[in-house]
>>> print(open('target-v4.csv').read())   # CSV, C-alpha atoms
chain,number,residue,atom,x,y,z
A,5,MET,CA,0.0,0.0,0.0
A,6,LYS,CA,1.2,3.5,-0.9
A,7,VAL,CA,-0.2,6.4,1.3
A,8,LEU,CA,0.3,10.1,0.9
A,9,VAL,CA,-0.3,12.1,4.1
A,10,LEU,CA,-0.8,15.8,3.6
A,11,GLY,CA,0.2,17.8,6.6
A,12,GLY,CA,0.8,14.8,8.8
A,13,THR,CA,2.9,16.3,11.7
A,14,GLY,CA,0.2,17.2,14.3
A,15,ALA,CA,-1.3,15.2,17.2
A,16,ILE,CA,-3.1,12.8,14.9
A,17,GLY,CA,-1.0,12.9,11.8
A,18,SER,CA,2.3,12.1,13.5
A,19,ASN,CA,0.8,9.1,15.2
A,20,LEU,CA,-0.7,7.9,11.9
A,21,VAL,CA,2.6,8.1,10.2
A,22,ARG,CA,4.2,6.1,13.0
A,23,ILE,CA,1.4,3.5,12.7
A,24,LEU,CA,1.8,3.3,8.9
A,25,SER,CA,5.6,2.9,9.2
A,26,ASP,CA,5.3,0.2,11.9
A,27,ASN,CA,3.0,-1.8,9.6
A,28,GLY,CA,5.3,-1.6,6.6
A,29,VAL,CA,3.2,0.9,4.6
A,30,GLU,CA,5.1,2.9,2.1
A,31,THR,CA,4.3,6.5,3.3
A,32,THR,CA,5.0,9.9,1.9
A,33,VAL,CA,4.4,12.9,4.2
A,34,THR,CA,4.4,16.6,3.3
A,35,SER,CA,5.6,19.2,5.7
A,36,ARG,CA,6.8,22.8,5.4
A,37,SER,CA,9.6,22.0,7.9
A,38,TYR,CA,12.5,19.6,7.5
A,39,HIS,CA,12.1,16.0,8.8
A,40,ALA,CA,14.6,13.2,8.4
A,41,ASN,CA,13.3,10.2,6.4
A,42,GLN,CA,12.5,7.1,8.5
A,43,SER,CA,11.9,3.5,7.8
A,44,ASN,CA,9.1,3.3,5.1
A,45,VAL,CA,8.5,7.1,5.5
A,46,THR,CA,9.7,9.8,3.0
A,47,TYR,CA,9.2,13.4,4.0
A,48,VAL,CA,8.7,15.9,1.1
A,49,ARG,CA,9.3,19.5,2.1
A,50,GLY,CA,6.8,21.9,0.7
A,51,ASN,CA,3.4,23.6,1.1
A,52,ALA,CA,0.7,21.1,0.4
A,53,LYS,CA,-1.7,24.0,-0.2
A,54,ASP,CA,0.3,25.0,-3.2
A,55,ASN,CA,-1.4,23.4,-6.3
A,56,ILE,CA,1.8,23.1,-8.3
A,57,PHE,CA,3.5,21.3,-5.4
A,58,LEU,CA,0.5,19.0,-5.1
A,59,ARG,CA,0.3,18.3,-8.8
A,60,ASN,CA,3.9,17.3,-8.9
A,61,LEU,CA,3.4,14.9,-6.1
A,62,CYS,CA,0.5,13.3,-7.9
A,63,ALA,CA,1.9,13.4,-11.4
A,64,ASN,CA,3.6,10.0,-11.5
A,65,SER,CA,1.7,8.2,-8.7
A,66,ARG,CA,-1.7,6.9,-8.0
A,67,TRP,CA,-1.9,6.6,-4.3
A,68,ASP,CA,-3.8,3.8,-2.6
A,69,ALA,CA,-4.9,6.4,-0.1
A,70,ILE,CA,-4.4,10.2,0.5
A,71,VAL,CA,-5.1,11.3,4.1
A,72,ASP,CA,-5.6,15.0,4.1
A,73,PHE,CA,-5.0,17.0,7.4
A,74,MET,CA,-4.8,20.3,5.7
A,75,SER,CA,-7.1,23.2,6.6
A,76,TYR,CA,-8.4,24.9,3.5
A,77,LYS,CA,-10.7,27.8,2.5
A,78,THR,CA,-13.6,26.3,0.7
A,79,ASP,CA,-12.6,27.8,-2.7
A,80,GLU,CA,-9.1,26.3,-2.2
A,81,PHE,CA,-10.6,22.9,-1.5
A,82,SER,CA,-12.9,23.1,-4.5
A,83,ALA,CA,-10.0,23.9,-6.8
A,84,ARG,CA,-8.1,20.7,-5.8
A,85,LEU,CA,-10.8,18.2,-5.1
A,86,ASP,CA,-10.9,16.6,-8.5
A,87,LEU,CA,-7.1,16.1,-8.4
A,88,LEU,CA,-7.2,14.6,-4.9
A,89,LEU,CA,-10.0,12.2,-5.8
A,90,SER,CA,-8.5,11.2,-9.2
A,91,SER,CA,-5.0,10.6,-7.7
A,92,SER,CA,-6.1,8.1,-5.0
A,93,ARG,CA,-8.2,5.0,-4.6
A,94,GLN,CA,-9.4,6.4,-1.3
A,95,TYR,CA,-9.3,10.0,-0.3
A,96,VAL,CA,-9.6,10.5,3.5
A,97,PHE,CA,-10.9,14.0,4.3
A,98,ILE,CA,-10.2,15.0,7.9
A,99,SER,CA,-13.3,17.0,8.9
A,100,SER,CA,-14.4,17.7,12.5
A,101,SER,CA,-17.2,16.7,14.8
A,102,ARG,CA,-17.8,20.4,15.4
A,103,VAL,CA,-20.0,20.2,12.3
A,104,TYR,CA,-22.8,18.7,14.4
A,105,ALA,CA,-25.7,20.7,15.7
A,106,ASP,CA,-27.1,20.2,19.2
A,107,LYS,CA,-30.1,18.3,18.1
A,108,GLU,CA,-29.6,14.7,18.9
A,109,HIS,CA,-27.9,12.8,21.7
A,110,PRO,CA,-25.8,10.7,21.6
A,111,ILE,CA,-24.5,12.1,18.3
A,112,LYS,CA,-24.6,9.8,15.3
A,113,GLU,CA,-22.9,10.3,12.0
A,114,THR,CA,-26.3,11.1,10.5
A,115,SER,CA,-27.1,13.7,13.2
A,116,PRO,CA,-28.0,17.2,11.9
A,117,ARG,CA,-25.2,19.5,11.1
A,118,LEU,CA,-25.0,23.2,12.0
A,119,LEU,CA,-24.7,24.1,8.3
A,120,ASP,CA,-28.1,22.5,7.6
A,121,VAL,CA,-30.2,23.5,10.6
A,122,SER,CA,-28.8,26.8,12.0
A,123,ASP,CA,-31.0,29.8,11.7
A,124,ASP,CA,-28.3,32.3,12.9
A,125,SER,CA,-27.7,34.4,9.8
A,126,SER,CA,-24.7,36.1,11.4
A,127,PHE,CA,-23.1,32.8,12.1
A,128,LEU,CA,-23.9,31.3,8.7
A,129,ALA,CA,-22.3,34.4,7.0
A,130,THR,CA,-18.9,33.4,8.5
A,131,ASP,CA,-16.2,31.0,7.5
A,132,GLU,CA,-16.2,29.5,11.0
A,133,TYR,CA,-14.4,26.2,11.1
A,134,ALA,CA,-17.5,24.0,11.7
A,135,LEU,CA,-19.3,25.7,8.7
A,136,THR,CA,-16.2,25.5,6.5
A,137,LYS,CA,-15.8,21.8,7.1
A,138,GLY,CA,-19.5,21.2,6.5
A,139,ARG,CA,-19.3,23.1,3.2
A,140,GLN,CA,-16.3,21.1,2.1
A,141,GLU,CA,-18.1,17.8,3.1
A,142,ASN,CA,-20.9,18.9,0.8
A,143,LEU,CA,-18.4,19.2,-2.1
A,144,LEU,CA,-17.5,15.6,-1.5
A,145,LEU,CA,-21.0,14.5,-1.1
A,146,ASN,CA,-22.1,16.1,-4.3
A,147,SER,CA,-19.0,14.9,-6.3
A,148,THR,CA,-19.4,12.5,-9.1
A,149,SER,CA,-16.6,10.4,-7.5
A,150,ARG,CA,-17.4,8.3,-4.5
A,151,ASN,CA,-13.9,7.2,-3.5
A,152,TYR,CA,-13.7,9.3,-0.3
A,153,THR,CA,-14.1,8.7,3.4
A,154,ILE,CA,-14.9,11.5,5.8
A,155,VAL,CA,-13.4,11.4,9.3
A,156,ARG,CA,-14.7,13.7,12.0
A,157,PRO,CA,-12.4,13.7,15.0
A,158,TYR,CA,-13.4,15.7,18.1
A,159,ILE,CA,-11.1,17.1,20.7
A,160,THR,CA,-7.8,15.2,20.6
A,161,TYR,CA,-4.8,15.5,22.9
A,162,ASP,CA,-1.2,14.3,23.4
A,163,LYS,CA,1.8,15.5,25.3
A,164,TYR,CA,2.0,18.7,23.2
A,165,ARG,CA,-1.7,19.5,22.9
A,166,LEU,CA,-3.6,19.9,26.1
A,167,GLN,CA,-6.9,21.7,25.7
A,168,LEU,CA,-9.2,23.2,28.3
A,169,GLY,CA,-12.5,24.2,26.8
A,170,VAL,CA,-11.4,26.4,23.9
A,171,LEU,CA,-8.1,27.2,25.6
A,172,GLU,CA,-4.9,25.7,24.2
A,173,LYS,CA,-2.1,25.0,26.7
A,174,GLU,CA,-0.5,28.4,25.9
A,175,GLU,CA,-3.7,30.1,27.2
A,176,TRP,CA,-4.2,28.2,30.4
A,177,LEU,CA,-1.2,26.1,31.4
A,178,PHE,CA,1.3,28.9,30.8
A,179,ARG,CA,-0.7,31.0,33.3
A,180,ALA,CA,-0.9,28.2,35.8
A,181,LEU,CA,2.8,27.6,35.8
A,182,GLN,CA,3.4,31.3,36.4
A,183,GLY,CA,1.2,31.0,39.5
A,184,HIS,CA,-1.8,32.8,38.0
A,185,ALA,CA,-5.4,31.6,38.1
A,186,VAL,CA,-6.9,30.1,34.9
A,187,VAL,CA,-10.0,32.0,33.7
A,188,PHE,CA,-12.8,29.6,32.7
A,189,PRO,CA,-16.6,30.1,32.0
A,190,HIS,CA,-18.7,28.5,34.7
A,191,GLU,CA,-21.5,27.7,32.1
A,192,MET,CA,-19.1,25.2,30.5
A,193,LEU,CA,-18.2,23.3,33.6
A,194,ASN,CA,-21.0,20.7,33.5
A,195,ARG,CA,-21.1,20.4,29.7
A,196,VAL,CA,-20.4,16.9,28.4
A,197,THR,CA,-17.5,16.4,26.0
A,198,THR,CA,-15.0,13.8,24.9
A,199,MET,CA,-11.2,13.9,24.7
A,200,THR,CA,-9.5,11.2,22.7
A,201,HIS,CA,-5.7,10.6,22.5
A,202,GLY,CA,-4.3,11.4,19.0
A,203,TYR,CA,-2.9,7.8,18.7
A,204,ASP,CA,-6.4,6.3,19.1
A,205,VAL,CA,-7.8,8.5,16.4
A,206,ALA,CA,-4.9,7.8,14.2
A,207,MET,CA,-5.4,4.0,14.7
A,208,GLY,CA,-9.0,4.5,13.7
A,209,ILE,CA,-8.0,6.2,10.5
A,210,TYR,CA,-5.5,3.5,9.8
A,211,LYS,CA,-8.2,0.8,10.2
A,212,LEU,CA,-10.4,2.6,7.6
A,213,LEU,CA,-7.7,2.6,4.9
A,214,GLY,CA,-8.4,0.2,2.1
A,215,LYS,CA,-11.8,-0.9,3.5
A,216,GLU,CA,-14.4,-1.0,0.7
A,217,ASP,CA,-17.2,-0.6,3.4
A,218,ALA,CA,-15.7,2.8,4.4
A,219,ILE,CA,-15.9,4.2,0.9
A,220,GLY,CA,-18.4,7.0,0.6
A,221,GLU,CA,-19.0,7.0,4.4
A,222,ALA,CA,-18.5,9.4,7.3
A,223,TYR,CA,-17.2,8.4,10.7
A,224,HIS,CA,-16.5,10.2,14.0
A,225,ILE,CA,-13.7,8.5,16.0
A,226,THR,CA,-14.0,9.2,19.7
A,227,VAL,CA,-13.7,7.5,23.0
A,228,GLU,CA,-16.9,5.7,24.2
A,229,GLN,CA,-17.3,7.5,27.6
A,230,PRO,CA,-18.1,11.2,27.7
A,231,ILE,CA,-16.7,13.4,30.5
A,232,THR,CA,-17.5,16.9,31.8
A,233,TRP,CA,-15.2,19.8,31.7
A,234,SER,CA,-15.3,19.9,35.5
A,235,GLU,CA,-14.0,16.4,35.6
A,236,ILE,CA,-11.2,17.3,33.1
A,237,ILE,CA,-10.2,20.2,35.4
A,238,ASP,CA,-9.9,17.8,38.3
A,239,ILE,CA,-7.7,15.5,36.1
A,240,TYR,CA,-5.5,18.5,35.3
A,241,ARG,CA,-5.4,19.5,39.0
A,242,GLN,CA,-4.1,16.1,39.9
A,243,GLY,CA,-1.4,16.1,37.2
A,244,PHE,CA,-0.4,19.7,38.0
A,245,LYS,CA,0.0,18.9,41.7
A,246,GLU,CA,2.0,15.8,40.9
A,247,ALA,CA,4.3,17.7,38.5
A,248,THR,CA,4.8,20.9,40.4
A,249,GLY,CA,3.7,20.4,44.0
A,250,LYS,CA,1.4,23.4,43.5
A,251,GLU,CA,-2.4,23.9,43.2
A,252,LEU,CA,-4.0,24.6,39.9
A,253,ARG,CA,-6.4,27.6,40.5
A,254,ILE,CA,-9.5,28.2,38.4
A,255,HIS,CA,-11.2,31.5,38.3
A,256,LEU,CA,-14.8,31.0,37.2
A,257,VAL,CA,-16.6,33.8,35.3
A,258,PRO,CA,-19.7,34.3,33.2
A,259,THR,CA,-19.2,33.3,29.5
A,260,GLU,CA,-19.6,36.9,28.4
A,261,ASP,CA,-16.6,38.0,30.6
A,262,PHE,CA,-14.6,35.0,29.4
A,263,LEU,CA,-15.1,35.9,25.8
A,264,ARG,CA,-13.5,39.3,26.5
A,265,CYS,CA,-10.2,37.7,27.1
A,266,ARG,CA,-10.3,35.5,24.0
A,267,ALA,CA,-9.7,36.1,20.3
A,268,GLU,CA,-13.0,37.3,18.7
A,269,ASN,CA,-13.0,34.5,16.1
A,270,LEU,CA,-13.5,31.9,18.9
A,271,VAL,CA,-16.9,33.4,20.0
A,272,TRP,CA,-18.7,31.0,17.6
A,273,GLN,CA,-16.7,28.0,18.8
A,274,VAL,CA,-17.8,28.7,22.4
A,275,LYS,CA,-21.4,29.3,21.5
A,276,TYR,CA,-21.9,26.6,18.9
A,277,ASP,CA,-19.6,23.9,20.2
A,278,ARG,CA,-18.2,24.0,23.7
A,279,LEU,CA,-21.5,25.0,25.2
A,280,PHE,CA,-23.1,22.0,23.6
A,281,ASP,CA,-23.1,18.5,25.1
A,282,ARG,CA,-20.8,16.4,22.9
A,283,ASP,CA,-21.5,12.7,23.6
A,284,PHE,CA,-21.1,10.3,20.7
A,285,ASP,CA,-22.7,7.1,19.5
A,286,VAL,CA,-19.7,4.9,18.7
A,287,THR,CA,-21.6,2.1,16.9
A,288,LYS,CA,-20.4,2.9,13.4
A,289,GLU,CA,-16.8,3.3,14.3
A,290,SER,CA,-16.9,0.0,16.2
A,291,GLN,CA,-17.1,-1.8,12.9
A,292,PHE,CA,-13.4,-1.0,12.5
A,293,VAL,CA,-12.0,-0.2,16.0
A,294,LYS,CA,-12.7,-0.9,19.6
A,295,PRO,CA,-13.4,2.5,21.3
A,296,GLU,CA,-13.7,0.7,24.7
A,297,GLU,CA,-10.0,0.0,24.4
A,298,PHE,CA,-9.0,3.6,23.8
A,299,SER,CA,-6.9,5.4,26.4
A,300,LYS,CA,-8.9,6.7,29.3
A,301,ALA,CA,-8.7,10.5,29.8
A,302,GLU,CA,-8.4,10.1,33.6
A,303,ILE,CA,-5.2,8.2,33.2
A,304,CYS,CA,-3.6,9.3,29.9
A,305,LEU,CA,-4.5,13.0,29.9
A,306,LYS,CA,-2.9,13.3,33.3
A,307,GLN,CA,0.2,11.5,32.1
A,308,CYS,CA,0.5,13.8,29.1
A,309,LEU,CA,0.2,16.9,31.3
A,310,VAL,CA,2.9,15.6,33.8
A,311,ALA,CA,5.2,14.6,30.9
A,312,PHE,CA,4.9,18.0,29.2
A,313,ILE,CA,5.6,19.9,32.5
A,314,LYS,CA,8.6,17.7,33.5
A,315,ASP,CA,10.1,17.9,30.0
A,316,GLY,CA,10.5,21.7,30.1
A,317,SER,CA,7.1,23.1,29.3
A,318,HIS,CA,7.9,24.8,25.9
A,319,PHE,CA,5.2,27.3,24.9
A,320,LYS,CA,4.7,29.2,21.7
A,321,ASN,CA,2.5,32.1,20.6
A,322,VAL,CA,1.4,33.3,24.1
A,323,ASN,CA,-0.6,36.5,23.5
A,324,MET,CA,0.2,38.9,26.3
A,325,LYS,CA,-2.7,41.2,25.4
A,326,TYR,CA,-5.2,38.5,26.4
A,327,GLU,CA,-3.1,37.6,29.5
A,328,ALA,CA,-3.4,41.2,30.5
A,329,ILE,CA,-7.2,41.1,30.2
A,330,LYS,CA,-7.3,37.9,32.3
A,331,ASP,CA,-5.1,39.6,34.9
A,332,ARG,CA,-7.6,42.5,35.1
A,333,ILE,CA,-10.3,39.9,35.8
A,334,THR,CA,-8.3,38.0,38.4
A,335,GLY,CA,-6.5,41.0,40.0
A,336,GLU,CA,-3.0,39.6,39.2
A,337,SER,CA,0.0,40.9,37.3
A,338,PHE,CA,2.8,39.3,35.4
A,339,LYS,CA,6.4,40.4,35.9
A,340,ILE,CA,7.2,42.3,32.7
A,341,ASN,CA,10.3,40.2,32.0
A,342,THR,CA,8.3,36.9,32.1
A,343,PRO,CA,8.8,34.9,28.8
A,344,PRO,CA,7.4,35.3,26.3
A,345,ALA,CA,6.8,39.0,27.2
A,346,SER,CA,10.4,39.7,26.4
A,347,SER,CA,9.8,41.6,23.2
A,348,ILE,CA,9.0,45.3,23.4
A,349,ARG,CA,5.7,44.8,21.6
A,350,GLN,CA,4.6,42.1,24.0
A,351,LYS,CA,5.5,44.3,27.0
A,352,ILE,CA,3.6,47.3,25.6
A,353,ASN,CA,0.6,45.2,24.8
A,354,TYR,CA,0.6,43.8,28.3
A,355,LEU,CA,0.9,47.1,30.0
A,356,LEU,CA,-1.7,48.8,27.9
A,357,TYR,CA,-4.4,46.1,28.3
A,358,ARG,CA,-3.6,45.5,32.0
A,359,TYR,CA,-3.5,49.0,33.3
A,360,ILE,CA,-4.9,51.5,30.6
A,361,LEU,CA,-7.3,50.1,27.9
>>> encode(input="target-v4.csv", output="structure tokens")
Amino acid sequence: MKVLVLGGTGAIGSNLVRILSDNGVETTVTSRSYHANQSNVTYVRGNAKDNIFLRNLCANSRWDAIVDFMSYKTDEFSARLDLLLSSSRQYVFISSSRVYADKEHPIKETSPRLLDVSDDSSFLATDEYALTKGRQENLLLNSTSRNYTIVRPYITYDKYRLQLGVLEKEEWLFRALQGHAVVFPHEMLNRVTTMTHGYDVAMGIYKLLGKEDAIGEAYHITVEQPITWSEIIDIYRQGFKEATGKELRIHLVPTEDFLRCRAENLVWQVKYDRLFDRDFDVTKESQFVKPEEFSKAEICLKQCLVAFIKDGSHFKNVNMKYEAIKDRITGESFKINTPPASSIRQKINYLLYRYIL
């Protein structure tokens, strides 16, 4: 089997590449960064969103499967869809379970999607991720070719990706390690969600490859048991205490106040995803995988947090503007030389939004 993985270096993609390699699958992976080739794995450096680069990859090969982790605008996806379908026996489109509306529980693959049932004209006028993925799914569903499989992961985690609500680790764990309280909306606490380890989702994708029964179908791949955000906070508290000897402090606020200290483009994700209950019917995915054997969040999520902290806690893209707004809410202050507030711009942003604006 020959597999092309587009953008396969994230929490799911990197695990999928390892699984493919371990099973002797001839694998080509695109990445904009340099990666050394491995057993059965060839890395091709370049931007998979560039049509010329993609056409060159497909010019002399017909892949048994293309697994596409890239994030496109809908017009970009439309322009390359025929090439992706014609260059592979099975095109695996990585969508998202954020496409689902809050109409049916537990959620099935046939449950209503936001794109189809929402009456919020302001929301529908956006290119919000859930709508974009839904529109791109429609392009596949309406295609004359049927050699696709749609995969809808939900929240995934590993050692380097540790989410809390809509917060990435740079937005909550960074604060916690600096001794600051984590700002979190109390309306979200008891909402049901799922968190699935990236390896388990990757194994699910691997099990779908080459399966005739999966052609033309959509699957979400999640753990079997849902969990509340309150329970996830407790898991993080235990791991944080184990790794640092300190307490993880949570500062609860109304959702409206929480949204003031987040990027504006995440308002829709809060309203039309994280404030929904996200519990999934795993019957369909169970045809190929065993969700009951997936890693348990109460064990593996804690282990990932502890490992990340003990390995040096490297953060990127911490926005000191939003840290300043959070500090106004909690009554705290960062030392101005705290990394990553070392640049003049970050320092000015922090001081402006903490004390003036």
>>> closest_residue(input="target-v4.csv", among="A:Leu356, A:Gly214, A:Leu143, A:Thr13", to="Glu80 in chain A", atoms="only C-alpha atoms")
A:Leu143
>>> residues_around(input="target-v4.csv", residues="Thr160 in chain A", least_positions_apart="4", cutoff="6 Å", atoms="all atoms listed in the file", output="list in words")
Met199, Thr200, His201 and Gly202 of chain A
>>> residues_around(input="target-v4.csv", residues="Arg241 in chain A", least_positions_apart="6", cutoff="12 Å", atoms="all atoms listed in the file", output="list in words")
Leu168, Leu177, Ala180, Leu181, Val186, Ser234, Glu235, Ala247, Thr248, Gly249, Lys250, Glu251, Leu252, Arg253, Ile254, Glu302, Leu305, Lys306, Gln307, Leu309 and Val310 of chain A
>>> closest_residue(input="target-v4.csv", among="A:Leu24, A:Ile313, A:Ile111, A:Cys265", to="Lys288 in chain A", atoms="all atoms listed in the file")
A:Ile111
>>> atom_distance(input="target-v4.csv", atom1="CA of Asp86 in chain A", atom2="CA of Lys53 in chain A")
14.4 Å
>>> decode(input="target-v4.csv", residues="range 229-276 of chain A", atoms="C-alpha atoms", output="PDB file, in the first residue's frame")
ATOM      1  CA  GLN A 229     -17.339   7.475  27.557  1.00  0.00           C
ATOM      2  CA  PRO A 230     -18.096  11.221  27.717  1.00  0.00           C
ATOM      3  CA  ILE A 231     -16.693  13.424  30.462  1.00  0.00           C
ATOM      4  CA  THR A 232     -17.528  16.869  31.836  1.00  0.00           C
ATOM      5  CA  TRP A 233     -15.168  19.837  31.729  1.00  0.00           C
ATOM      6  CA  SER A 234     -15.343  19.900  35.521  1.00  0.00           C
ATOM      7  CA  GLU A 235     -13.954  16.357  35.585  1.00  0.00           C
ATOM      8  CA  ILE A 236     -11.229  17.333  33.116  1.00  0.00           C
ATOM      9  CA  ILE A 237     -10.227  20.215  35.380  1.00  0.00           C
ATOM     10  CA  ASP A 238      -9.943  17.756  38.256  1.00  0.00           C
ATOM     11  CA  ILE A 239      -7.664  15.541  36.118  1.00  0.00           C
ATOM     12  CA  TYR A 240      -5.483  18.537  35.288  1.00  0.00           C
ATOM     13  CA  ARG A 241      -5.420  19.530  38.962  1.00  0.00           C
ATOM     14  CA  GLN A 242      -4.097  16.105  39.946  1.00  0.00           C
ATOM     15  CA  GLY A 243      -1.432  16.142  37.232  1.00  0.00           C
ATOM     16  CA  PHE A 244      -0.418  19.722  37.984  1.00  0.00           C
ATOM     17  CA  LYS A 245      -0.026  18.925  41.680  1.00  0.00           C
ATOM     18  CA  GLU A 246       2.023  15.827  40.884  1.00  0.00           C
ATOM     19  CA  ALA A 247       4.344  17.671  38.497  1.00  0.00           C
ATOM     20  CA  THR A 248       4.791  20.947  40.379  1.00  0.00           C
ATOM     21  CA  GLY A 249       3.686  20.393  43.964  1.00  0.00           C
ATOM     22  CA  LYS A 250       1.380  23.395  43.534  1.00  0.00           C
ATOM     23  CA  GLU A 251      -2.365  23.890  43.200  1.00  0.00           C
ATOM     24  CA  LEU A 252      -4.041  24.620  39.885  1.00  0.00           C
ATOM     25  CA  ARG A 253      -6.363  27.568  40.544  1.00  0.00           C
ATOM     26  CA  ILE A 254      -9.489  28.160  38.422  1.00  0.00           C
ATOM     27  CA  HIS A 255     -11.230  31.550  38.335  1.00  0.00           C
ATOM     28  CA  LEU A 256     -14.817  31.032  37.152  1.00  0.00           C
ATOM     29  CA  VAL A 257     -16.554  33.846  35.267  1.00  0.00           C
ATOM     30  CA  PRO A 258     -19.712  34.286  33.159  1.00  0.00           C
ATOM     31  CA  THR A 259     -19.226  33.312  29.512  1.00  0.00           C
ATOM     32  CA  GLU A 260     -19.609  36.949  28.437  1.00  0.00           C
ATOM     33  CA  ASP A 261     -16.629  37.960  30.589  1.00  0.00           C
ATOM     34  CA  PHE A 262     -14.619  34.951  29.442  1.00  0.00           C
ATOM     35  CA  LEU A 263     -15.084  35.928  25.805  1.00  0.00           C
ATOM     36  CA  ARG A 264     -13.536  39.334  26.477  1.00  0.00           C
ATOM     37  CA  CYS A 265     -10.187  37.651  27.112  1.00  0.00           C
ATOM     38  CA  ARG A 266     -10.256  35.465  24.009  1.00  0.00           C
ATOM     39  CA  ALA A 267      -9.742  36.136  20.333  1.00  0.00           C
ATOM     40  CA  GLU A 268     -12.969  37.296  18.686  1.00  0.00           C
ATOM     41  CA  ASN A 269     -12.990  34.482  16.127  1.00  0.00           C
ATOM     42  CA  LEU A 270     -13.522  31.924  18.914  1.00  0.00           C
ATOM     43  CA  VAL A 271     -16.881  33.352  20.008  1.00  0.00           C
ATOM     44  CA  TRP A 272     -18.685  31.002  17.616  1.00  0.00           C
ATOM     45  CA  GLN A 273     -16.726  27.988  18.801  1.00  0.00           C
ATOM     46  CA  VAL A 274     -17.819  28.674  22.372  1.00  0.00           C
ATOM     47  CA  LYS A 275     -21.448  29.314  21.451  1.00  0.00           C
ATOM     48  CA  TYR A 276     -21.907  26.567  18.858  1.00  0.00           C
TER      49      TYR A 276
END
